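Each remark here refers to the structure printed beneath this line.
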Amino acid sequence: MKLHNISLVLLLGLGAMTSCNDKLDVQNPNEQTTANFGTAELEENVIAAYNHIRMEGSYARVGYTIDLTRGDEVWNSSQVWYKEFDDYNCPVTGDICWWIWREWYYTINVCNFGLSKVGADDTQLSEAMKRIKGQFLFLRGLAYYNLAGYFQNVPLITDYSTYSSLDGLYASTNSYDEVLDQVEKDFAEAITLLPSKEVGGEWAKGRATSGAAAGYYARALMQRHKYSEALVQLKDIMSGKYGTYKLMANYGDNFREGAEYENNAESLFEIQFLDYGSQGTDDEWTPVNTSKNATQGSAIESNFCPGTYGGWADLSASPWLYNLFKAERTTTGKLDPRLYWTIGTYEPDWEGFEFGNVGYTVPMTADKPVVTNNNYGGLPICKNTNMRTGLYSSVATGLHDGINLRMMRYSDVLLRAAECENEISGPTQQAIDWINQVRRRAKLADLKLADFNTKDKLFEQIANVERPKEFGCEFGRGLDLIRWGFFLTPDRQQQLRQHEAFRRSLQNVKDPVDVSQIGVDAELKSSFDTYVDGHEFLPIVQTLTNKNPNLRGNSANNSSSNKPYFDEKGWTVHPVVDLNK
């Protein structure tokens with residue numbers, strides 16, 4: 001009887017639905033569907049993609065800072081949160097590194113959906129739709145550039161229709177070369193679709209432009225030693241093909257918040273964060289972002305700054321970087337002004353310079369230099385913080401740092417062009433001239449070609465002097481060390497051991513560090529001493545492989561050296577050269 005009644009109800013319901021079908025339009029005209037997406041709706045999609053590159057696993061915290069610990073300019077002074085990455089021995093049971101995977105694949109998914117709605121024939125697109133497609137391609141290229149840079153071999157998903165099946169959702173791993181092939185393709189096409197920053201005008205502030213795409217295309221090419229192709233792109237940027245870029249007269253203008261400093265003439269691409277005080281109040285540490293009061297800043301400042309000012313004191317600058325700055329004076333006998341904006345130490349030279357010897361408006365003195373307030377000491381990093389800006393008296397801990405992260409600056413174009421020129425024909429006067437443009441801003445004496453009799457020597461100058469001083473404690477050093485092969489030869493490994501040496505002490509934090517004293521000096525350590533082959537990349541952790549059985553491990557999972565890959569490609573690992581000889 002019950003079954004009969006249920007069947008009758010179903011039949012009556014179906015009949016009612018059928019009889020009303022022609023009279024009742026059940027579609028909500030205000031509801032967006034995948035079938036009616038137009039320019040306005042796709043623009044919202046673009047904004048969603050941009051929003052996710054400033055999440056915790058992309059650039060708002062660990063997606064930015066883990067790369068710093070993989071480099072030799074920064075060490076994990078808390079010896080807790082980033083320790084496994086700093087020590088190059090992250091286990092497959094690691095936790096926070098998969099957040100990077102989560103964030104970038106979210107971005108990829110959004111971009112793939114948008115690209116599925118735009119159309120494949122670029123010649124048939126309106127100018128507005130070209131900009132939309134170009135941004136999707138740029139952001140997808142950026143996502144895969146980061147995923148390959150961190151995880152080496154990752155699933156390559158470019159077709160939104162693949163998400164309709166489990167096989168598509170649980171894709172298998174692609175090779176490093178396959179992923180970077182797609183990265184190059186995305187950036188190359190994005191160049192043709194995006195406007196220059198001048199043509200884009202106000203629209204271009206914070207968005208990808210043809211100049212940003214060309215810059216990242218060059219970076220991707222250099223990751224696999226395609227120096228001739230990369231140099232073409234870099235020369236086009238320098239010639240003004242994609243707009244006018246130039247070095248800011250004041251180096252510090254690249255690390256301040258405010259409309260007069262952010263999205264400036266030196267910036268090719270930067271991550272947009274709201275200035276402190278104009279954000280919300282809720283820290284959203286997951287990608288959900290459900291709170292209407294969510295903050296829209298980064299936690300970089302919190303990671304870098306001492307507890308004295310309210311920071312977490314997780315990361316500190318290496319003594320090697322500090323002493324590198326101290327080794328060369330300007331043409332007027334002063335310290336390199338880039339030191340002021342990179343490492344937060346007291347120096348007599350800073351009296352009367354910029355905001356003086358201050359940390360968050362608090363005066364610093366010679367007898368009370370600020371060090372990280374944990375058991376291990378460390379030199380505070382002040383880049384991308386308000387330690388030197390004179391704006392605030394303390395850190396607003398959490399996702400509140402409003403300084404835009406300049407992910408690519410014109411100085412990078414110049415130094416990369418010099419590196420490519422040197423690899424192709426070096427050493428040459430042209431390479432020296434490009435380097436000197438960057439040095440002159442810091443008021444350092446010009447380099448002379450006569451002092452660099454070999455390609456190896458000029459490379460050493462670029463890799464271990466010019467780039468660290470210009471980009472010290474910024475994202476990208478970890479990727480550079482990988483492409484240069486510094487993890488693969490005994491002399492480079494010993495150099496990394498020297499660069500990564502530090503004293504776990506609140507005293508003598510600025511003293512030179514000699515790795516020969518490791519084991520003798522109880523406070524002396526080197527992050528590189530625990531390096532495990534292949535761990536220049538992050539392992540694909542069990543959190544991911546448990547969910548997707550099609551994933552294969554990489555060199556970090558297998559603890560295998562990447563030297564055979566370098567050898568197979570015929571790439572050069574430059575030998576260490578003494579620049580004083």
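Ligands are numbered from 1 in the order shown, chains are lettered A, B, ... in the order of the structure tokens, and residues start at 1 in each chain.
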
For segment 151-239 of chain A versus segment 254-268 of chain A, which residues have an atom no more than 10 Å away, and what is each residue's nearest atom pair and distance in Å rounded to one decimal, using only C-alpha atoms, chain-then-number order, as CSV?
```
residue,atom,partner,partner_atom,distance
A:Lys197,CA,A:Leu268,CA,8.7
A:Ala204,CA,A:Asn263,CA,9.1
A:Lys205,CA,A:Asn263,CA,6.0
A:Gly206,CA,A:Asn263,CA,6.8
A:Arg207,CA,A:Leu268,CA,9.6
A:Ala208,CA,A:Leu268,CA,8.3
A:Thr209,CA,A:Leu268,CA,7.9
A:Ser210,CA,A:Leu268,CA,9.2
A:Gly211,CA,A:Leu268,CA,6.3
A:Ala212,CA,A:Leu268,CA,5.0
A:Ala213,CA,A:Leu268,CA,8.8
A:Ala214,CA,A:Leu268,CA,9.5
A:Gly215,CA,A:Leu268,CA,7.6
A:Tyr216,CA,A:Leu268,CA,9.5
A:Ile237,CA,A:Leu268,CA,9.7
```

- Query: Counting only C-alpha atoms, what is within 10 Å of His52 of chain A, bar same-chain residues fewer than 2 positions away, as a PyMOL selection string?
  - Reply: chain A and resi 47-50+54-60+103-108+110+287

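Counting only C-alpha atoms and comparing A:Thr342, A:Asn323, A:Thr93, A:Ser228, the residue that lies closest to Ala418 of chain A is A:Ser228.
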
Non-local contacts of segment 472-475 of chain A (7 Å; only C-alpha atoms; under 3 positions in same chain excluded) as a PDB file with all heavy atoms, in the first residue's frame:
```
ATOM      1  N   TYR A  64      55.837  32.027  -0.496  1.00  0.00           N
ATOM      2  CA  TYR A  64      56.918  32.987  -0.734  1.00  0.00           C
ATOM      3  C   TYR A  64      58.144  32.642   0.104  1.00  0.00           C
ATOM      4  O   TYR A  64      59.267  32.588  -0.398  1.00  0.00           O
ATOM      5  CB  TYR A  64      56.422  34.392  -0.381  1.00  0.00           C
ATOM      6  CG  TYR A  64      57.370  35.527  -0.719  1.00  0.00           C
ATOM      7  CD1 TYR A  64      57.260  36.201  -1.930  1.00  0.00           C
ATOM      8  CD2 TYR A  64      58.346  35.946   0.182  1.00  0.00           C
ATOM      9  CE1 TYR A  64      58.102  37.254  -2.244  1.00  0.00           C
ATOM     10  CE2 TYR A  64      59.198  36.992  -0.121  1.00  0.00           C
ATOM     11  CZ  TYR A  64      59.074  37.647  -1.340  1.00  0.00           C
ATOM     12  OH  TYR A  64      59.923  38.689  -1.640  1.00  0.00           O
ATOM     13  N   ASP A  67      60.741  29.419  -0.392  1.00  0.00           N
ATOM     14  CA  ASP A  67      61.810  29.597  -1.376  1.00  0.00           C
ATOM     15  C   ASP A  67      63.008  30.310  -0.764  1.00  0.00           C
ATOM     16  O   ASP A  67      64.158  30.012  -1.106  1.00  0.00           O
ATOM     17  CB  ASP A  67      61.315  30.385  -2.587  1.00  0.00           C
ATOM     18  CG  ASP A  67      62.392  30.520  -3.655  1.00  0.00           C
ATOM     19  OD1 ASP A  67      62.641  29.535  -4.367  1.00  0.00           O
ATOM     20  OD2 ASP A  67      63.002  31.604  -3.748  1.00  0.00           O
ATOM     21  N   LEU A  68      62.756  31.250   0.146  1.00  0.00           N
ATOM     22  CA  LEU A  68      63.868  31.939   0.799  1.00  0.00           C
ATOM     23  C   LEU A  68      64.721  30.969   1.595  1.00  0.00           C
ATOM     24  O   LEU A  68      65.954  31.066   1.590  1.00  0.00           O
ATOM     25  CB  LEU A  68      63.334  33.035   1.726  1.00  0.00           C
ATOM     26  CG  LEU A  68      63.082  34.410   1.117  1.00  0.00           C
ATOM     27  CD1 LEU A  68      61.999  34.359   0.051  1.00  0.00           C
ATOM     28  CD2 LEU A  68      62.666  35.403   2.205  1.00  0.00           C
ATOM     29  N   GLU A  73      70.635  32.886   1.439  1.00  0.00           N
ATOM     30  CA  GLU A  73      70.649  34.219   2.032  1.00  0.00           C
ATOM     31  C   GLU A  73      69.868  34.286   3.337  1.00  0.00           C
ATOM     32  O   GLU A  73      69.949  35.280   4.058  1.00  0.00           O
ATOM     33  CB  GLU A  73      70.027  35.229   1.049  1.00  0.00           C
ATOM     34  CG  GLU A  73      70.691  35.260  -0.305  1.00  0.00           C
ATOM     35  CD  GLU A  73      69.831  35.976  -1.334  1.00  0.00           C
ATOM     36  OE1 GLU A  73      68.623  36.178  -1.086  1.00  0.00           O
ATOM     37  OE2 GLU A  73      70.371  36.328  -2.388  1.00  0.00           O
ATOM     38  N   VAL A  74      69.113  33.230   3.634  1.00  0.00           N
ATOM     39  CA  VAL A  74      68.189  33.228   4.764  1.00  0.00           C
ATOM     40  C   VAL A  74      68.322  31.920   5.521  1.00  0.00           C
ATOM     41  O   VAL A  74      68.526  30.867   4.921  1.00  0.00           O
ATOM     42  CB  VAL A  74      66.734  33.400   4.265  1.00  0.00           C
ATOM     43  CG1 VAL A  74      65.735  33.217   5.396  1.00  0.00           C
ATOM     44  CG2 VAL A  74      66.544  34.768   3.614  1.00  0.00           C
ATOM     45  N   THR A 342      67.578  45.859   3.531  1.00  0.00           N
ATOM     46  CA  THR A 342      67.570  44.396   3.501  1.00  0.00           C
ATOM     47  C   THR A 342      67.728  43.787   4.889  1.00  0.00           C
ATOM     48  O   THR A 342      66.994  42.862   5.256  1.00  0.00           O
ATOM     49  CB  THR A 342      68.692  43.873   2.580  1.00  0.00           C
ATOM     50  OG1 THR A 342      68.539  44.450   1.278  1.00  0.00           O
ATOM     51  CG2 THR A 342      68.644  42.355   2.457  1.00  0.00           C
ATOM     52  N   PRO A 468      72.743  38.684  -5.110  1.00  0.00           N
ATOM     53  CA  PRO A 468      72.412  38.686  -3.676  1.00  0.00           C
ATOM     54  C   PRO A 468      72.241  40.086  -3.094  1.00  0.00           C
ATOM     55  O   PRO A 468      71.356  40.306  -2.259  1.00  0.00           O
ATOM     56  CB  PRO A 468      73.604  37.956  -3.041  1.00  0.00           C
ATOM     57  CG  PRO A 468      74.175  37.128  -4.127  1.00  0.00           C
ATOM     58  CD  PRO A 468      73.963  37.918  -5.386  1.00  0.00           C
ATOM     59  N   LYS A 469      73.053  41.031  -3.520  1.00  0.00           N
ATOM     60  CA  LYS A 469      72.942  42.373  -2.949  1.00  0.00           C
ATOM     61  C   LYS A 469      71.725  43.123  -3.477  1.00  0.00           C
ATOM     62  O   LYS A 469      71.129  43.934  -2.772  1.00  0.00           O
ATOM     63  CB  LYS A 469      74.238  43.164  -3.192  1.00  0.00           C
ATOM     64  CG  LYS A 469      75.400  42.631  -2.366  1.00  0.00           C
ATOM     65  CD  LYS A 469      76.509  43.641  -2.176  1.00  0.00           C
ATOM     66  CE  LYS A 469      77.299  43.878  -3.434  1.00  0.00           C
ATOM     67  NZ  LYS A 469      78.493  44.727  -3.178  1.00  0.00           N
TER      68      LYS A 469
END
```

At a cut-off of 6 Å, using only C-alpha atoms, what residues contact segment 395-410 of chain A? Leave out same-chain residues fewer than 2 positions from it and give the result as an mmCIF file with N, CA, C and O atoms, in the first residue's frame.
```cif
data_model
loop_
_atom_site.group_PDB
_atom_site.id
_atom_site.type_symbol
_atom_site.label_atom_id
_atom_site.label_comp_id
_atom_site.auth_asym_id
_atom_site.auth_seq_id
_atom_site.Cartn_x
_atom_site.Cartn_y
_atom_site.Cartn_z
ATOM 1 N N ARG A 256 58.152 49.854 -0.054
ATOM 2 C CA ARG A 256 57.254 50.650 0.776
ATOM 3 C C ARG A 256 55.832 50.459 0.285
ATOM 4 O O ARG A 256 55.591 50.145 -0.879
ATOM 5 N N GLU A 257 54.877 50.699 1.164
ATOM 6 C CA GLU A 257 53.482 50.684 0.748
ATOM 7 C C GLU A 257 53.045 52.100 0.413
ATOM 8 O O GLU A 257 53.681 53.085 0.786
ATOM 9 N N GLU A 266 59.710 50.748 -11.939
ATOM 10 C CA GLU A 266 60.644 49.622 -11.932
ATOM 11 C C GLU A 266 59.920 48.282 -11.904
ATOM 12 O O GLU A 266 60.500 47.247 -12.230
ATOM 13 N N SER A 267 58.665 48.294 -11.563
ATOM 14 C CA SER A 267 57.931 47.056 -11.317
ATOM 15 C C SER A 267 57.300 46.497 -12.586
ATOM 16 O O SER A 267 56.496 47.168 -13.236
ATOM 17 N N LEU A 268 57.645 45.251 -12.922
ATOM 18 C CA LEU A 268 56.996 44.558 -14.027
ATOM 19 C C LEU A 268 55.776 43.793 -13.550
ATOM 20 O O LEU A 268 54.796 43.667 -14.274
ATOM 21 N N PHE A 269 55.844 43.258 -12.338
ATOM 22 C CA PHE A 269 54.692 42.540 -11.793
ATOM 23 C C PHE A 269 54.822 42.498 -10.282
ATOM 24 O O PHE A 269 55.900 42.248 -9.749
ATOM 25 N N GLU A 270 53.710 42.747 -9.605
ATOM 26 C CA GLU A 270 53.738 42.685 -8.150
ATOM 27 C C GLU A 270 52.404 42.187 -7.614
ATOM 28 O O GLU A 270 51.368 42.300 -8.271
ATOM 29 N N ILE A 271 52.458 41.626 -6.432
ATOM 30 C CA ILE A 271 51.274 41.107 -5.761
ATOM 31 C C ILE A 271 50.643 42.233 -4.959
ATOM 32 O O ILE A 271 51.312 42.884 -4.153
ATOM 33 N N GLN A 272 49.353 42.440 -5.167
ATOM 34 C CA GLN A 272 48.662 43.579 -4.577
ATOM 35 C C GLN A 272 48.117 43.249 -3.187
ATOM 36 O O GLN A 272 47.340 42.307 -3.026
ATOM 37 N N PHE A 273 48.553 44.019 -2.210
ATOM 38 C CA PHE A 273 48.003 43.914 -0.863
ATOM 39 C C PHE A 273 47.501 45.285 -0.437
ATOM 40 O O PHE A 273 48.120 46.309 -0.767
ATOM 41 N N LEU A 274 46.405 45.309 0.303
ATOM 42 C CA LEU A 274 45.871 46.580 0.784
ATOM 43 C C LEU A 274 46.783 47.162 1.853
ATOM 44 O O LEU A 274 47.293 46.440 2.705
ATOM 45 N N ASP A 275 46.969 48.472 1.800
ATOM 46 C CA ASP A 275 47.792 49.137 2.806
ATOM 47 C C ASP A 275 47.229 48.865 4.194
ATOM 48 O O ASP A 275 46.005 48.803 4.394
ATOM 49 N N TYR A 276 48.132 48.726 5.142
ATOM 50 C CA TYR A 276 47.720 48.484 6.523
ATOM 51 C C TYR A 276 46.822 49.630 6.995
ATOM 52 O O TYR A 276 47.109 50.803 6.769
ATOM 53 N N ASP A 283 41.965 37.321 10.057
ATOM 54 C CA ASP A 283 43.013 36.595 9.344
ATOM 55 C C ASP A 283 42.422 35.318 8.759
ATOM 56 O O ASP A 283 41.947 34.454 9.495
ATOM 57 N N GLY A 297 46.305 41.350 3.356
ATOM 58 C CA GLY A 297 47.734 41.610 3.408
ATOM 59 C C GLY A 297 48.490 40.301 3.425
ATOM 60 O O GLY A 297 47.924 39.221 3.265
ATOM 61 N N SER A 298 49.804 40.372 3.623
ATOM 62 C CA SER A 298 50.638 39.172 3.701
ATOM 63 C C SER A 298 51.165 39.006 5.119
ATOM 64 O O SER A 298 51.030 39.901 5.954
ATOM 65 N N ALA A 299 51.762 37.854 5.374
ATOM 66 C CA ALA A 299 52.390 37.589 6.668
ATOM 67 C C ALA A 299 53.903 37.630 6.562
ATOM 68 O O ALA A 299 54.601 37.165 7.466
ATOM 69 N N GLU A 301 55.949 40.143 6.764
ATOM 70 C CA GLU A 301 56.482 40.975 7.845
ATOM 71 C C GLU A 301 56.528 40.198 9.159
ATOM 72 O O GLU A 301 57.505 40.281 9.905
ATOM 73 N N SER A 302 55.495 39.437 9.430
ATOM 74 C CA SER A 302 55.451 38.658 10.666
ATOM 75 C C SER A 302 56.551 37.608 10.701
ATOM 76 O O SER A 302 57.165 37.367 11.743
ATOM 77 N N TYR A 309 59.418 43.717 18.130
ATOM 78 C CA TYR A 309 58.460 44.588 17.451
ATOM 79 C C TYR A 309 57.122 43.896 17.193
ATOM 80 O O TYR A 309 56.266 44.449 16.505
ATOM 81 N N GLY A 310 56.957 42.687 17.713
ATOM 82 C CA GLY A 310 55.696 41.975 17.545
ATOM 83 C C GLY A 310 55.729 40.894 16.491
ATOM 84 O O GLY A 310 54.716 40.240 16.235
ATOM 85 N N GLY A 311 56.882 40.692 15.842
ATOM 86 C CA GLY A 311 56.989 39.667 14.805
ATOM 87 C C GLY A 311 57.183 38.273 15.368
ATOM 88 O O GLY A 311 57.274 38.075 16.584
ATOM 89 N N ASP A 412 66.099 43.136 -12.288
ATOM 90 C CA ASP A 412 66.210 41.712 -12.608
ATOM 91 C C ASP A 412 66.385 41.523 -14.109
ATOM 92 O O ASP A 412 67.149 40.657 -14.557
ATOM 93 N N VAL A 413 65.681 42.328 -14.888
ATOM 94 C CA VAL A 413 65.833 42.266 -16.348
ATOM 95 C C VAL A 413 67.277 42.567 -16.735
ATOM 96 O O VAL A 413 67.889 41.855 -17.549
#
```

Residues within 10 Å of Leu458 of chain A, please, as a JSON list (two decimals) with all heavy atoms, in the first residue's frame. Count only C-alpha atoms; anything in the same chain fewer than 6 positions from it doesn't count.
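What follows is the written file around29.json:
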```
[["chain", "number", "residue", "atom", "x", "y", "z"],
["A", 418, "ALA", "N", 72.52, 40.47, -18.49],
["A", 418, "ALA", "CA", 73.98, 40.35, -18.35],
["A", 418, "ALA", "C", 74.39, 38.89, -18.23],
["A", 418, "ALA", "O", 75.40, 38.46, -18.83],
["A", 418, "ALA", "CB", 74.45, 41.14, -17.13],
["A", 419, "GLU", "N", 73.63, 38.12, -17.48],
["A", 419, "GLU", "CA", 73.94, 36.69, -17.33],
["A", 419, "GLU", "C", 73.81, 35.96, -18.67],
["A", 419, "GLU", "O", 74.69, 35.16, -19.03],
["A", 419, "GLU", "CB", 73.01, 36.07, -16.30],
["A", 419, "GLU", "CG", 73.29, 34.60, -16.03],
["A", 419, "GLU", "CD", 72.30, 33.98, -15.07],
["A", 419, "GLU", "OE1", 71.63, 34.71, -14.33],
["A", 419, "GLU", "OE2", 72.20, 32.73, -15.08],
["A", 422, "ASN", "N", 76.64, 36.88, -20.98],
["A", 422, "ASN", "CA", 77.88, 36.22, -20.56],
["A", 422, "ASN", "C", 77.88, 34.75, -20.95],
["A", 422, "ASN", "O", 78.90, 34.21, -21.39],
["A", 422, "ASN", "CB", 78.05, 36.36, -19.05],
["A", 422, "ASN", "CG", 79.37, 35.81, -18.55],
["A", 422, "ASN", "OD1", 80.44, 36.18, -19.04],
["A", 422, "ASN", "ND2", 79.30, 34.89, -17.60],
["A", 423, "GLU", "N", 76.74, 34.08, -20.83],
["A", 423, "GLU", "CA", 76.66, 32.67, -21.19],
["A", 423, "GLU", "C", 76.85, 32.48, -22.70],
["A", 423, "GLU", "O", 77.44, 31.48, -23.14],
["A", 423, "GLU", "CB", 75.31, 32.08, -20.75],
["A", 423, "GLU", "CG", 75.11, 32.00, -19.26],
["A", 423, "GLU", "CD", 76.06, 31.03, -18.58],
["A", 423, "GLU", "OE1", 76.55, 30.09, -19.25],
["A", 423, "GLU", "OE2", 76.33, 31.22, -17.38],
["A", 426, "GLY", "N", 80.30, 35.67, -23.37],
["A", 426, "GLY", "CA", 81.07, 36.35, -22.33],
["A", 426, "GLY", "C", 82.50, 35.93, -22.15],
["A", 426, "GLY", "O", 82.92, 34.91, -22.69],
["A", 427, "PRO", "N", 83.19, 36.77, -21.37],
["A", 427, "PRO", "CA", 82.70, 38.04, -20.82],
["A", 427, "PRO", "C", 82.72, 39.15, -21.88],
["A", 427, "PRO", "O", 83.61, 39.17, -22.73],
["A", 427, "PRO", "CB", 83.68, 38.34, -19.69],
["A", 427, "PRO", "CG", 84.95, 37.67, -20.12],
["A", 427, "PRO", "CD", 84.55, 36.44, -20.89],
["A", 428, "THR", "N", 81.74, 40.05, -21.84],
["A", 428, "THR", "CA", 81.67, 41.13, -22.81],
["A", 428, "THR", "C", 81.42, 42.46, -22.11],
["A", 428, "THR", "O", 80.93, 42.49, -20.98],
["A", 428, "THR", "CB", 80.52, 40.92, -23.82],
["A", 428, "THR", "OG1", 79.26, 41.03, -23.14],
["A", 428, "THR", "CG2", 80.61, 39.56, -24.51],
["A", 431, "ALA", "N", 77.67, 43.00, -21.23],
["A", 431, "ALA", "CA", 77.24, 42.42, -19.96],
["A", 431, "ALA", "C", 77.65, 43.30, -18.79],
["A", 431, "ALA", "O", 76.87, 43.54, -17.86],
["A", 431, "ALA", "CB", 77.82, 41.02, -19.80],
["A", 432, "ILE", "N", 78.87, 43.79, -18.83],
["A", 432, "ILE", "CA", 79.37, 44.69, -17.78],
["A", 432, "ILE", "C", 78.53, 45.96, -17.70],
["A", 432, "ILE", "O", 78.18, 46.43, -16.61],
["A", 432, "ILE", "CB", 80.85, 45.05, -18.05],
["A", 432, "ILE", "CG1", 81.75, 43.81, -17.96],
["A", 432, "ILE", "CG2", 81.32, 46.14, -17.08],
["A", 432, "ILE", "CD1", 81.92, 43.24, -16.59],
["A", 449, "LEU", "N", 85.70, 45.43, -17.49],
["A", 449, "LEU", "CA", 85.84, 44.17, -18.23],
["A", 449, "LEU", "C", 87.21, 43.54, -18.03],
["A", 449, "LEU", "O", 87.33, 42.31, -17.95],
["A", 449, "LEU", "CB", 85.58, 44.41, -19.72],
["A", 449, "LEU", "CG", 85.69, 43.19, -20.63],
["A", 449, "LEU", "CD1", 84.70, 42.10, -20.23],
["A", 449, "LEU", "CD2", 85.47, 43.59, -22.09],
["A", 451, "ASP", "N", 88.88, 43.17, -15.53],
["A", 451, "ASP", "CA", 88.98, 42.40, -14.29],
["A", 451, "ASP", "C", 88.31, 41.03, -14.38],
["A", 451, "ASP", "O", 88.37, 40.25, -13.42],
["A", 451, "ASP", "CB", 88.35, 43.19, -13.13],
["A", 451, "ASP", "CG", 89.12, 44.46, -12.81],
["A", 451, "ASP", "OD1", 90.36, 44.46, -13.01],
["A", 451, "ASP", "OD2", 88.49, 45.44, -12.37],
["A", 452, "PHE", "N", 87.69, 40.76, -15.53],
["A", 452, "PHE", "CA", 86.98, 39.48, -15.69],
["A", 452, "PHE", "C", 87.46, 38.81, -16.97],
["A", 452, "PHE", "O", 86.95, 39.03, -18.06],
["A", 452, "PHE", "CB", 85.47, 39.72, -15.72],
["A", 452, "PHE", "CG", 84.95, 40.34, -14.46],
["A", 452, "PHE", "CD1", 84.83, 41.71, -14.33],
["A", 452, "PHE", "CD2", 84.61, 39.54, -13.37],
["A", 452, "PHE", "CE1", 84.38, 42.29, -13.16],
["A", 452, "PHE", "CE2", 84.16, 40.10, -12.19],
["A", 452, "PHE", "CZ", 84.05, 41.49, -12.08],
["A", 464, "ASN", "N", 76.92, 35.56, -7.21],
["A", 464, "ASN", "CA", 77.23, 35.60, -5.78],
["A", 464, "ASN", "C", 77.64, 36.95, -5.23],
["A", 464, "ASN", "O", 78.07, 37.06, -4.09],
["A", 464, "ASN", "CB", 78.29, 34.55, -5.45],
["A", 464, "ASN", "CG", 77.71, 33.16, -5.40],
["A", 464, "ASN", "OD1", 76.58, 32.96, -4.94],
["A", 464, "ASN", "ND2", 78.45, 32.18, -5.88],
["A", 577, "VAL", "N", 84.88, 30.37, -8.40],
["A", 577, "VAL", "CA", 86.01, 31.21, -8.77],
["A", 577, "VAL", "C", 86.27, 32.21, -7.65],
["A", 577, "VAL", "O", 85.34, 32.82, -7.13],
["A", 577, "VAL", "CB", 85.74, 31.96, -10.09],
["A", 577, "VAL", "CG1", 86.87, 32.93, -10.40],
["A", 577, "VAL", "CG2", 85.55, 30.98, -11.24],
["A", 579, "LEU", "N", 87.04, 35.62, -6.59],
["A", 579, "LEU", "CA", 86.95, 36.92, -7.23],
["A", 579, "LEU", "C", 88.08, 37.85, -6.83],
["A", 579, "LEU", "O", 88.26, 38.92, -7.44],
["A", 579, "LEU", "CB", 85.61, 37.57, -6.89],
["A", 579, "LEU", "CG", 84.38, 36.91, -7.52],
["A", 579, "LEU", "CD1", 83.10, 37.50, -6.95],
["A", 579, "LEU", "CD2", 84.40, 37.05, -9.03]]
```

With only C-alpha atoms counted and 12 Å as the cut-off, give the residues of segment 332-436 of chain A in contact with segment 513-528 of chain A, each with its shortest interatomic distance in Å and the pair that gives it, as a Markdown table.
```
| residue | atom | partner | partner_atom | distance |
| --- | --- | --- | --- | --- |
| A:Asn375 | CA | A:Glu523 | CA | 11.1 |
| A:Tyr376 | CA | A:Glu523 | CA | 8.8 |
| A:Gly377 | CA | A:Glu523 | CA | 10.6 |
```

What would the file look like if the residues just selected were written as a PDB file, in the first residue's frame with all heavy atoms?
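Saved to selection_37.pdb:
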```pdb
ATOM      1  N   ASN A 375      65.911  31.778  20.989  1.00  0.00           N
ATOM      2  CA  ASN A 375      67.117  31.227  21.611  1.00  0.00           C
ATOM      3  C   ASN A 375      68.325  31.189  20.691  1.00  0.00           C
ATOM      4  O   ASN A 375      69.396  30.792  21.112  1.00  0.00           O
ATOM      5  CB  ASN A 375      66.838  29.804  22.113  1.00  0.00           C
ATOM      6  CG  ASN A 375      65.818  29.788  23.236  1.00  0.00           C
ATOM      7  OD1 ASN A 375      65.712  30.750  23.977  1.00  0.00           O
ATOM      8  ND2 ASN A 375      65.072  28.712  23.349  1.00  0.00           N
ATOM      9  N   TYR A 376      68.141  31.610  19.431  1.00  0.00           N
ATOM     10  CA  TYR A 376      69.212  31.417  18.457  1.00  0.00           C
ATOM     11  C   TYR A 376      69.741  32.696  17.820  1.00  0.00           C
ATOM     12  O   TYR A 376      70.673  32.648  17.042  1.00  0.00           O
ATOM     13  CB  TYR A 376      68.716  30.470  17.346  1.00  0.00           C
ATOM     14  CG  TYR A 376      68.233  29.147  17.878  1.00  0.00           C
ATOM     15  CD1 TYR A 376      66.904  28.781  17.785  1.00  0.00           C
ATOM     16  CD2 TYR A 376      69.108  28.264  18.502  1.00  0.00           C
ATOM     17  CE1 TYR A 376      66.461  27.569  18.293  1.00  0.00           C
ATOM     18  CE2 TYR A 376      68.676  27.053  19.008  1.00  0.00           C
ATOM     19  CZ  TYR A 376      67.352  26.709  18.895  1.00  0.00           C
ATOM     20  OH  TYR A 376      66.921  25.507  19.393  1.00  0.00           O
ATOM     21  N   GLY A 377      69.138  33.836  18.122  1.00  0.00           N
ATOM     22  CA  GLY A 377      69.642  35.073  17.551  1.00  0.00           C
ATOM     23  C   GLY A 377      69.262  35.216  16.099  1.00  0.00           C
ATOM     24  O   GLY A 377      68.270  34.667  15.629  1.00  0.00           O
TER      25      GLY A 377
END
```

- Query: Which parts of segment 105-143 of chain A does DSSP call alpha helix (DSSP H) when run on the backbone here, written out as a ChimeraX atom specification?
  - Reply: /A:105-118,127-143

Excluding Gln279 of chain A and residues on its chain fewer than 2 positions from it, collect all residues at most 6 Å away from it, counting only C-alpha atoms, and give them as a compact mmCIF listing (two decimals) with N, CA and C atoms, in the first residue's frame.
```
# COMPACT_ATOMS: atom_id res chain seq x y z
N LEU A 274 46.41 45.31 0.30
CA LEU A 274 45.87 46.58 0.78
C LEU A 274 46.78 47.16 1.85
N GLY A 277 45.73 49.27 7.64
CA GLY A 277 44.77 50.28 8.09
C GLY A 277 43.55 50.34 7.19
N THR A 295 41.28 40.01 6.10
CA THR A 295 42.43 40.87 5.80
C THR A 295 42.90 40.61 4.38
N GLN A 296 43.57 41.56 3.81
CA GLN A 296 44.09 41.43 2.44
C GLN A 296 45.54 41.87 2.39
```
